[in-house]
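As stored in query_10.cif (mmCIF, C-alpha atoms and all ligand atoms):
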data_run
#
loop_
_atom_site.label_atom_id
_atom_site.label_comp_id
_atom_site.auth_asym_id
_atom_site.auth_seq_id
_atom_site.Cartn_x
_atom_site.Cartn_y
_atom_site.Cartn_z
CA MET M 136 92.64 76.60 161.21
CA ASN M 137 94.25 77.29 164.57
CA ASN M 138 93.28 80.87 165.51
CA ARG M 139 96.74 81.73 166.75
CA ILE M 140 98.36 80.76 163.44
CA LYS M 141 95.76 82.73 161.50
CA TYR M 142 96.46 85.72 163.75
CA LEU M 143 100.21 85.44 163.08
CA ALA M 144 99.73 85.04 159.33
CA ASP M 145 97.43 88.08 159.21
CA LYS M 146 99.87 90.10 161.26
CA LEU M 147 102.73 89.16 158.96
CA TYR M 148 100.58 90.10 155.95
CA GLU M 149 99.67 93.49 157.42
CA ARG M 150 102.97 94.51 159.00
CA HIS M 151 105.57 92.58 156.97
CA THR M 152 107.31 91.61 160.17
CA LEU M 153 107.01 89.35 163.21
CA ASP M 154 109.25 89.00 166.21
CA ARG M 155 111.47 85.99 166.84
CA SER M 156 109.08 84.03 168.99
CA GLU M 157 106.21 84.63 166.58
CA LEU M 158 108.23 83.49 163.59
CA TYR M 159 109.25 80.41 165.55
CA GLU M 160 105.64 79.65 166.35
CA LEU M 161 104.55 80.14 162.76
CA LEU M 162 107.16 77.57 161.76
CA SER M 163 106.80 75.03 164.54
CA GLU M 164 102.99 75.00 164.57
CA ARG M 165 102.56 74.84 160.82
CA THR M 166 99.83 72.70 159.32
CA GLU M 167 98.57 72.07 155.82
CA GLU M 168 95.82 74.64 156.32
CA ALA M 169 98.30 77.18 157.59
CA ALA M 170 100.44 76.62 154.49
CA GLU M 171 97.41 77.03 152.25
CA TYR M 172 96.44 80.26 154.01
CA LEU M 173 99.95 81.76 153.94
CA SER M 174 100.33 80.84 150.30
CA ARG M 175 97.06 82.66 149.47
CA LEU M 176 98.27 85.80 151.22
CA ALA M 177 101.72 85.57 149.60
CA ARG M 178 100.17 85.15 146.15
CA GLU M 179 97.98 88.17 146.68
CA VAL M 180 100.99 90.31 147.66
CA ARG M 181 103.07 88.99 144.75
CA GLU M 182 100.28 89.71 142.25
CA SER M 183 99.75 93.21 143.61
CA ILE M 184 103.37 94.05 142.75
CA TYR M 185 104.41 91.81 139.87
CA GLY M 186 101.01 90.82 138.49
CA ARG M 187 101.07 87.41 136.86
CA ASP M 188 104.51 87.98 135.33
CA VAL M 189 107.33 85.51 135.88
CA TYR M 190 110.88 86.63 135.19
CA LEU M 191 113.42 84.44 133.46
CA ARG M 192 117.10 84.18 134.28
CA GLY M 193 119.34 82.13 132.01
CA LEU M 194 121.81 80.21 134.12
CA ILE M 195 125.23 79.64 132.59
CA GLU M 196 127.27 77.25 134.73
CA PHE M 197 130.64 78.20 133.33
CA THR M 198 133.10 76.38 135.61
CA ASN M 199 132.91 73.57 138.14
CA TYR M 200 136.46 74.03 139.41
CA CYS M 201 136.31 75.14 143.03
CA LYS M 202 138.94 75.93 145.61
CA ASN M 203 136.45 75.50 148.45
CA ASP M 204 135.41 72.37 150.25
CA CYS M 205 131.86 73.00 151.48
CA TYR M 206 130.64 69.73 153.02
CA TYR M 207 127.31 69.75 151.19
CA CYS M 208 128.44 70.59 147.67
CA GLY M 209 129.06 68.11 144.88
CA ILE M 210 131.72 70.25 143.19
CA ARG M 211 133.81 70.71 146.38
CA ARG M 212 137.54 70.46 145.73
CA SER M 213 137.90 67.12 147.56
CA ASN M 214 135.48 65.36 145.22
CA ARG M 215 137.92 63.51 142.99
CA SER M 216 135.13 61.83 141.04
CA CYS M 217 133.93 65.19 139.72
CA GLU M 218 135.08 65.71 136.14
CA ARG M 219 136.15 69.33 135.90
CA TYR M 220 135.41 71.76 133.04
CA ARG M 221 135.63 75.42 132.15
CA LEU M 222 133.79 77.22 129.38
CA SER M 223 135.81 79.56 127.16
CA GLU M 224 134.70 83.15 126.68
CA GLU M 225 133.51 82.14 123.23
CA GLN M 226 131.39 79.31 124.64
CA ILE M 227 129.87 81.64 127.24
CA LEU M 228 129.01 84.15 124.52
CA GLU M 229 127.46 81.38 122.45
CA CYS M 230 125.17 80.54 125.42
CA CYS M 231 124.16 84.22 125.61
CA LYS M 232 123.40 84.28 121.89
CA THR M 233 121.12 81.25 122.16
CA GLY M 234 119.57 82.72 125.30
CA HIS M 235 118.93 86.11 123.75
CA GLU M 236 117.15 84.52 120.80
CA LEU M 237 114.98 82.58 123.25
CA GLY M 238 113.92 85.79 125.04
CA PHE M 239 116.32 85.81 127.97
CA ARG M 240 117.26 89.31 129.16
CA THR M 241 119.28 88.25 132.21
CA PHE M 242 122.32 86.02 132.13
CA VAL M 243 123.55 84.52 135.37
CA LEU M 244 127.16 83.41 135.28
CA GLN M 245 127.57 80.87 138.04
CA GLY M 246 130.51 78.75 139.00
CA GLY M 247 132.71 77.33 141.68
CA GLU M 248 135.38 79.60 143.11
CA ASP M 249 137.81 79.07 140.28
CA PRO M 250 141.07 81.07 140.55
CA TYR M 251 141.47 80.87 136.76
CA TYR M 252 138.82 83.59 136.51
CA THR M 253 140.92 86.49 137.69
CA ASP M 254 139.39 89.96 137.79
CA GLU M 255 140.90 90.63 134.39
CA ARG M 256 139.36 87.58 132.73
CA MET M 257 136.02 87.97 134.50
CA CYS M 258 135.77 91.69 133.67
CA ALA M 259 136.56 91.01 130.02
CA ILE M 260 133.72 88.49 129.82
CA VAL M 261 131.24 90.81 131.54
CA ARG M 262 132.23 93.73 129.29
CA GLU M 263 131.81 91.68 126.14
CA ILE M 264 128.37 90.41 127.15
CA LYS M 265 127.24 93.96 128.01
CA THR M 266 128.60 95.27 124.69
CA ARG M 267 126.85 92.64 122.62
CA TYR M 268 123.63 92.61 124.66
CA PRO M 269 123.15 96.09 126.12
CA ASP M 270 119.49 95.32 126.79
CA CYS M 271 120.44 92.51 129.17
CA ALA M 272 121.36 92.32 132.84
CA VAL M 273 124.43 90.37 133.87
CA THR M 274 124.32 88.58 137.20
CA LEU M 275 127.40 87.02 138.74
CA SER M 276 127.41 84.13 141.20
CA VAL M 277 131.05 83.27 141.71
CA GLY M 278 131.41 83.29 145.46
CA GLU M 279 133.52 85.29 147.87
CA ARG M 280 135.95 87.88 146.49
CA SER M 281 137.55 91.05 147.78
CA ARG M 282 135.70 94.35 147.80
CA GLU M 283 138.14 95.62 145.15
CA SER M 284 137.31 92.69 142.93
CA TYR M 285 133.55 93.26 143.31
CA ALA M 286 134.14 96.95 142.51
CA LYS M 287 136.01 96.12 139.30
CA LEU M 288 133.35 93.68 138.18
CA ARG M 289 130.67 96.27 138.84
CA GLU M 290 132.60 98.84 136.78
CA ALA M 291 132.88 96.28 134.00
CA GLY M 292 129.08 96.23 133.88
CA ALA M 293 127.84 93.50 136.22
CA ASP M 294 124.38 94.47 137.47
CA ARG M 295 123.58 91.86 140.07
CA TYR M 296 125.24 89.32 142.33
CA LEU M 297 123.91 86.14 143.90
CA LEU M 298 125.67 84.97 147.02
CA ARG M 299 123.60 82.85 149.33
CA HIS M 300 124.54 83.54 152.93
CA GLU M 301 123.89 79.76 153.51
CA THR M 302 123.09 80.30 157.21
CA ALA M 303 123.14 83.43 159.34
CA ASP M 304 124.17 81.52 162.47
CA PRO M 305 127.98 81.34 162.77
CA GLU M 306 127.82 78.09 164.77
CA HIS M 307 125.64 76.41 162.20
CA TYR M 308 127.88 77.87 159.46
CA ALA M 309 130.87 76.13 161.05
CA LYS M 310 129.09 72.77 160.96
CA ILE M 311 128.58 72.79 157.20
CA HIS M 312 131.80 74.49 156.09
CA PRO M 313 135.50 73.86 156.68
CA SER M 314 137.22 76.23 159.09
CA GLU M 315 138.83 78.38 156.37
CA LEU M 316 135.38 79.69 155.45
CA SER M 317 133.48 81.98 157.79
CA CYS M 318 130.00 83.36 158.16
CA GLU M 319 131.62 86.69 158.90
CA ASN M 320 133.42 86.96 155.57
CA ARG M 321 130.34 85.85 153.66
CA MET M 322 128.33 88.62 155.35
CA ARG M 323 131.13 91.10 154.60
CA CYS M 324 130.85 90.16 150.94
CA LEU M 325 127.09 90.71 150.94
CA ARG M 326 127.45 94.14 152.54
CA ASP M 327 130.19 95.16 150.08
CA LEU M 328 128.10 94.04 147.12
CA LYS M 329 125.14 96.07 148.26
CA GLU M 330 127.23 99.17 148.92
CA LEU M 331 128.75 98.89 145.45
CA GLY M 332 125.29 99.16 143.91
CA TYR M 333 124.63 95.60 142.87
CA GLN M 334 121.13 94.16 143.08
CA VAL M 335 121.97 91.44 145.57
CA GLY M 336 120.57 88.00 146.23
CA CYS M 337 121.19 86.07 149.44
CA GLY M 338 119.58 82.83 150.57
CA PHE M 339 119.97 79.45 152.18
CA MET M 340 119.29 75.76 151.84
CA VAL M 341 116.17 74.46 153.57
CA GLY M 342 116.89 71.38 155.68
CA SER M 343 120.66 71.68 155.44
CA PRO M 344 122.42 69.34 157.87
CA TYR M 345 122.12 70.36 161.55
CA GLN M 346 119.76 73.21 160.70
CA THR M 347 117.19 73.91 163.44
CA LEU M 348 113.99 75.95 163.24
CA ASP M 349 115.79 78.44 165.42
CA ASN M 350 118.49 78.76 162.73
CA ILE M 351 115.79 79.38 160.13
CA VAL M 352 114.31 82.15 162.28
CA THR M 353 117.78 83.71 162.38
CA ASP M 354 117.94 83.47 158.58
CA LEU M 355 114.54 85.16 158.26
CA GLU M 356 115.55 87.94 160.62
CA PHE M 357 118.77 88.45 158.71
CA ILE M 358 116.88 88.62 155.41
CA LYS M 359 114.38 91.10 156.81
CA GLU M 360 117.16 93.31 158.08
CA PHE M 361 119.52 93.04 155.09
CA LYS M 362 116.74 93.68 152.56
CA PRO M 363 118.23 91.85 149.59
CA HIS M 364 116.69 92.36 146.14
CA MET M 365 116.46 88.61 145.67
CA VAL M 366 116.28 85.59 147.97
CA GLY M 367 117.21 82.15 146.67
CA ILE M 368 116.08 79.22 148.76
CA GLY M 369 115.86 75.55 147.83
CA PRO M 370 115.93 72.26 149.67
CA PHE M 371 119.27 70.74 150.61
CA ILE M 372 119.72 67.56 148.55
CA PRO M 373 122.53 65.15 149.43
CA HIS M 374 125.30 64.44 146.94
CA HIS M 375 126.69 60.91 147.06
CA ALA M 376 130.36 61.94 147.03
CA THR M 377 130.28 64.43 149.92
CA PRO M 378 130.51 64.06 153.71
CA PHE M 379 126.76 64.72 153.84
CA SER M 380 125.82 61.88 151.47
CA ASP M 381 123.66 60.18 154.12
CA MET M 382 121.92 63.26 155.42
CA PRO M 383 118.19 63.65 154.72
CA ALA M 384 117.05 66.11 152.05
CA GLY M 385 115.04 69.22 152.90
CA THR M 386 111.31 69.00 152.27
CA LEU M 387 109.04 70.48 149.64
CA GLU M 388 106.56 71.39 152.33
CA LEU M 389 108.93 73.51 154.43
CA THR M 390 110.55 75.14 151.38
CA VAL M 391 107.22 76.24 149.97
CA TYR M 392 106.07 77.48 153.39
CA LEU M 393 109.23 79.58 153.69
CA LEU M 394 108.75 81.03 150.20
CA SER M 395 105.40 82.39 151.39
CA ILE M 396 106.88 83.80 154.59
CA ILE M 397 109.70 85.50 152.70
CA ARG M 398 107.24 87.03 150.21
CA LEU M 399 105.27 88.46 153.14
CA LEU M 400 108.37 89.73 154.93
CA LEU M 401 109.71 91.49 151.82
CA PRO M 402 106.74 92.08 149.49
CA ASP M 403 108.75 93.26 146.48
CA VAL M 404 111.59 90.74 146.69
CA LEU M 405 112.53 88.67 143.63
CA LEU M 406 111.95 85.07 144.61
CA PRO M 407 112.99 82.18 142.38
CA ALA M 408 111.33 78.78 142.28
CA THR M 409 114.65 76.95 142.17
CA THR M 410 115.93 73.92 140.31
CA ALA M 411 116.47 72.11 143.63
CA LEU M 412 112.76 72.59 144.37
CA GLY M 413 111.97 71.09 140.96
CA THR M 414 114.33 68.20 141.75
CA ILE M 415 112.64 67.00 144.96
CA HIS M 416 109.14 67.12 143.47
CA PRO M 417 107.97 66.92 139.83
CA ARG M 418 105.82 70.03 140.30
CA GLY M 419 108.02 71.70 142.91
CA ARG M 420 108.62 74.86 140.92
CA GLU M 421 104.93 75.26 140.07
CA LEU M 422 104.06 74.91 143.76
CA GLY M 423 106.75 77.47 144.54
CA LEU M 424 105.19 79.93 142.08
CA LEU M 425 101.80 79.39 143.70
CA ALA M 426 103.33 80.15 147.11
CA GLY M 427 104.77 83.54 146.13
CA ALA M 428 107.80 82.90 143.89
CA ASN M 429 108.08 85.04 140.72
CA VAL M 430 111.34 84.02 139.02
CA VAL M 431 112.53 80.89 137.22
CA MET M 432 116.12 80.18 136.22
CA PRO M 433 116.34 77.70 133.36
CA ASN M 434 119.70 76.28 132.42
CA LEU M 435 121.51 77.78 129.42
CA SER M 436 124.73 75.78 129.85
CA PRO M 437 125.88 73.68 126.89
CA THR M 438 124.30 70.22 127.13
CA ASP M 439 127.64 68.41 127.24
CA VAL M 440 128.73 70.04 130.51
CA ARG M 441 125.45 70.01 132.41
CA LYS M 442 125.94 66.65 134.06
CA LYS M 443 129.26 67.86 135.41
CA TYR M 444 127.74 70.77 137.33
CA MET M 445 126.21 68.44 139.91
CA LEU M 446 125.85 70.29 143.17
CA TYR M 447 123.51 67.52 144.40
CA ASP M 448 122.21 64.16 143.15
CA ASN M 449 119.44 63.79 140.54
CA LYS M 450 119.52 67.42 139.38
CA ILE M 451 116.86 67.93 136.73
CA CYS M 452 117.18 69.26 133.14
CA THR M 453 120.73 67.98 132.64
CA GLY M 454 119.90 66.37 129.30
CA ASP M 455 117.93 69.13 127.62
CA GLU M 456 118.81 71.78 125.09
CA ALA M 457 118.29 75.40 126.18
CA ALA M 458 115.28 75.75 123.88
CA GLU M 459 113.64 72.66 125.39
CA CYS M 460 114.15 74.02 128.91
CA ARG M 461 112.63 77.32 127.90
CA ARG M 462 109.54 75.66 126.37
CA CYS M 463 109.14 73.23 129.24
CA LEU M 464 109.23 76.05 131.79
CA GLU M 465 106.82 78.13 129.75
CA ARG M 466 104.30 75.27 129.91
CA ARG M 467 104.84 74.83 133.63
CA VAL M 468 104.44 78.55 134.35
CA GLU M 469 101.27 78.72 132.23
CA SER M 470 99.84 75.63 133.95
CA VAL M 471 99.51 77.69 137.15
CA GLY M 472 98.05 80.75 135.43
CA TYR M 473 101.20 82.86 135.15
CA ARG M 474 103.22 84.00 132.12
CA ILE M 475 106.90 84.33 131.34
CA VAL M 476 107.83 87.84 130.21
CA VAL M 477 110.70 88.96 127.99
CA SER M 478 112.25 91.51 130.32
CA ARG M 479 115.32 92.10 132.46
CA GLY M 480 113.01 91.62 135.42
CA ASP M 481 114.53 94.23 137.66
CA TRP M 482 113.58 94.64 141.26
CA ARG M 483 110.41 96.73 141.53
CA GLY M 484 111.03 98.32 144.92
CA GLU M 485 112.53 101.61 143.80
CA THR M 486 110.17 102.34 140.92
CA ARG M 487 107.28 101.62 143.24
CA ASN M 488 108.65 104.13 145.70
CA ILE M 489 108.93 106.78 143.01
CA THR M 490 105.37 106.32 141.78
CA ALA M 491 103.95 105.91 145.28
N1 LIG D 1 130.41 79.26 144.26
C1 LIG D 1 129.23 80.07 144.21
C2 LIG D 1 128.04 79.31 143.67
C3 LIG D 1 127.62 78.18 144.57
S1 LIG D 1 126.46 77.04 143.90
C4 LIG D 1 128.97 80.64 145.58
O1 LIG D 1 129.73 80.37 146.50
O2 LIG D 1 128.02 81.37 145.74
C5 LIG D 1 124.96 77.84 144.31
C6 LIG D 1 124.22 77.35 145.54
O3 LIG D 1 123.88 75.97 145.45
C7 LIG D 1 124.98 77.41 146.85
O4 LIG D 1 125.00 78.71 147.35
C8 LIG D 1 124.22 76.43 147.73
O5 LIG D 1 123.26 77.09 148.56
C9 LIG D 1 123.51 75.53 146.72
N2 LIG D 1 123.91 74.12 146.91
C10 LIG D 1 125.15 73.60 146.96
N3 LIG D 1 125.13 72.29 147.27
C11 LIG D 1 123.82 71.96 147.41
C12 LIG D 1 123.13 70.76 147.76
N4 LIG D 1 123.78 69.63 148.03
N5 LIG D 1 121.78 70.79 147.81
C13 LIG D 1 121.11 71.93 147.53
N6 LIG D 1 121.70 73.10 147.22
C14 LIG D 1 123.04 73.11 147.17
#
In structure tokens, write the structure found in this file.
Amino acid sequence: MNNRIKYLADKLYERHTLDRSELYELLSERTEEAAEYLSRLAREVRESIYGRDVYLRGLIEFTNYCKNDCYYCGIRRSNRSCERYRLSEEQILECCKTGHELGFRTFVLQGGEDPYYTDERMCAIVREIKTRYPDCAVTLSVGERSRESYAKLREAGADRYLLRHETADPEHYAKIHPSELSCENRMRCLRDLKELGYQVGCGFMVGSPYQTLDNIVTDLEFIKEFKPHMVGIGPFIPHHATPFSDMPAGTLELTVYLLSIIRLLLPDVLLPATTALGTIHPRGRELGLLAGANVVMPNLSPTDVRKKYMLYDNKICTGDEAAECRRCLERRVESVGYRIVVSRGDWRGETRNITA
């Protein structure tokens, strides 16, 4: 392997940081051997903190109504061919019941930005889940809201919040979103969430339209500085009924490479091997786990709505029952020598600090 790349990888492994130009070089000069080497280092770091455990999050896609019009997203409001649905509180609770029996201890409620879910309705749902399943963590992923709204949801019992920053470069942000959305407000949301005591996940799409390596370096620097508890990255995949239908998808190779870099930048971060990664390659999630990922997020949504939550084309697992998804993932995780654990799977940073 190129000595310079090995030097940069070793430096990243030892110091958990690199400067801008070094990160750029690590990305632009990447080779198969470099990827293999980084992945070995990332795996070592991951196993030193989380062992061979893989955490499960049950994803409940509870509404595909959305008031936003993000150019890349299949459930954007302008997509008239998207058949809209909402799950009732009862249906959401039914998903949790199934999930709990299957060993899930985290429920992720994800949806479009649907004004029907006012603070009152959302808080009631969170409270009910926390009452019935006090041993479980509730994660919300419902987009941008006011600080007051995030505060109420936190008081109602929400533990975590996933809000990908999408891109940390305001100019790039403006190329993939309509003008009513801003990078600035998204960042404001992330800061508010952290201050309110949520475990927070940010992240971005790999290979999103107009993304440059320089943009990715900016994302990595933002992640390093913001110190999220979780980072969700997956390849961009075009959706046929969006303005980006003809844009190329992100690659498996770059996504996996970035998973390793992120693991080395933030050793104790929670890092999911995402559904999008499993969509562009049949063993994408397994390769993600081998490159430093330690979380999987199987779908717990009722089978009849899954095909309607199409953020991108060809999304996997849209025909399976929750139990099938759980078993299928268990096999996949075991095939790479890891094991799924029945646990909330909290971030390990703080406990490590206490025992250190
Ligand atoms: N409304 C919520 C949830 C969005 S969907 C929110 O704003 O956070 C979750 C994530 O899916 C998005 O943050 C985006 O990064 C990703 N996504 C959307 N469209 C995609 C596409 N075409 N390809 C890959 N990922 C996509």
Q.
Please identify all protein, DNA and RNA residues within 6 Å of ligand LIG 1 (chain D), counting all atoms listed in the file, and report them as a PyMOL selection string.
A. chain M and resi 207-208+245-248+276-278+298-299+301+339-340+370-374+446-447
Q: Grab the CA of Ile415 in chain M to CA of Cys452 in chain M distance for me, in Å with one decimal place.
A: 12.9 Å
Q: For each of M:Tyr206, M:Pro250, M:Pro402, M:Thr414, take the minimum atom-to-atom distance to Met382 in chain M, counting all atoms listed in the file, then give the residue where this is smallest.
A: M:Tyr206
Q | Shortest interatomic distance to Asp327 in chain M - which of M:Asn199, M:Thr390, M:Thr410, M:Ser281, counting all atoms listed in the file | A |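 Among the listed residues, M:Ser281 lies closest to Asp327 in chain M.
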Q: Go ahead and compute the interatomic distance for CA of Thr253 in chain M and CA of Ala309 in chain M, in Å to one decimal.
A: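 Computing the Euclidean distance for CA of Thr253 in chain M and CA of Ala309 in chain M yields 27.5 Å.
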Q: Pick out the residues sitting within 10 Å of Asp481 in chain M, and hand them over as a ChimeraX atom specification; count only C-alpha atoms, and ignore anything fewer than 3 positions along from it in its own chain.
A: /M:190,241,272,294-295,334,364-365,405,478,484-486
Q: Excluding Glu465 in chain M and any residue of its chain fewer than 4 positions from it, enumerate the residues within 7 Å of it, using only C-alpha atoms, and give them as a count of residues only.
A: 3
**Q.** Non-local contacts of Glu236 in chain M (12 Å; all atoms listed in the file; under 3 positions in same chain excluded) as a ChimeraX atom specification
**A.** /M:193,229-233,239-240,268,435,457-458,461,477
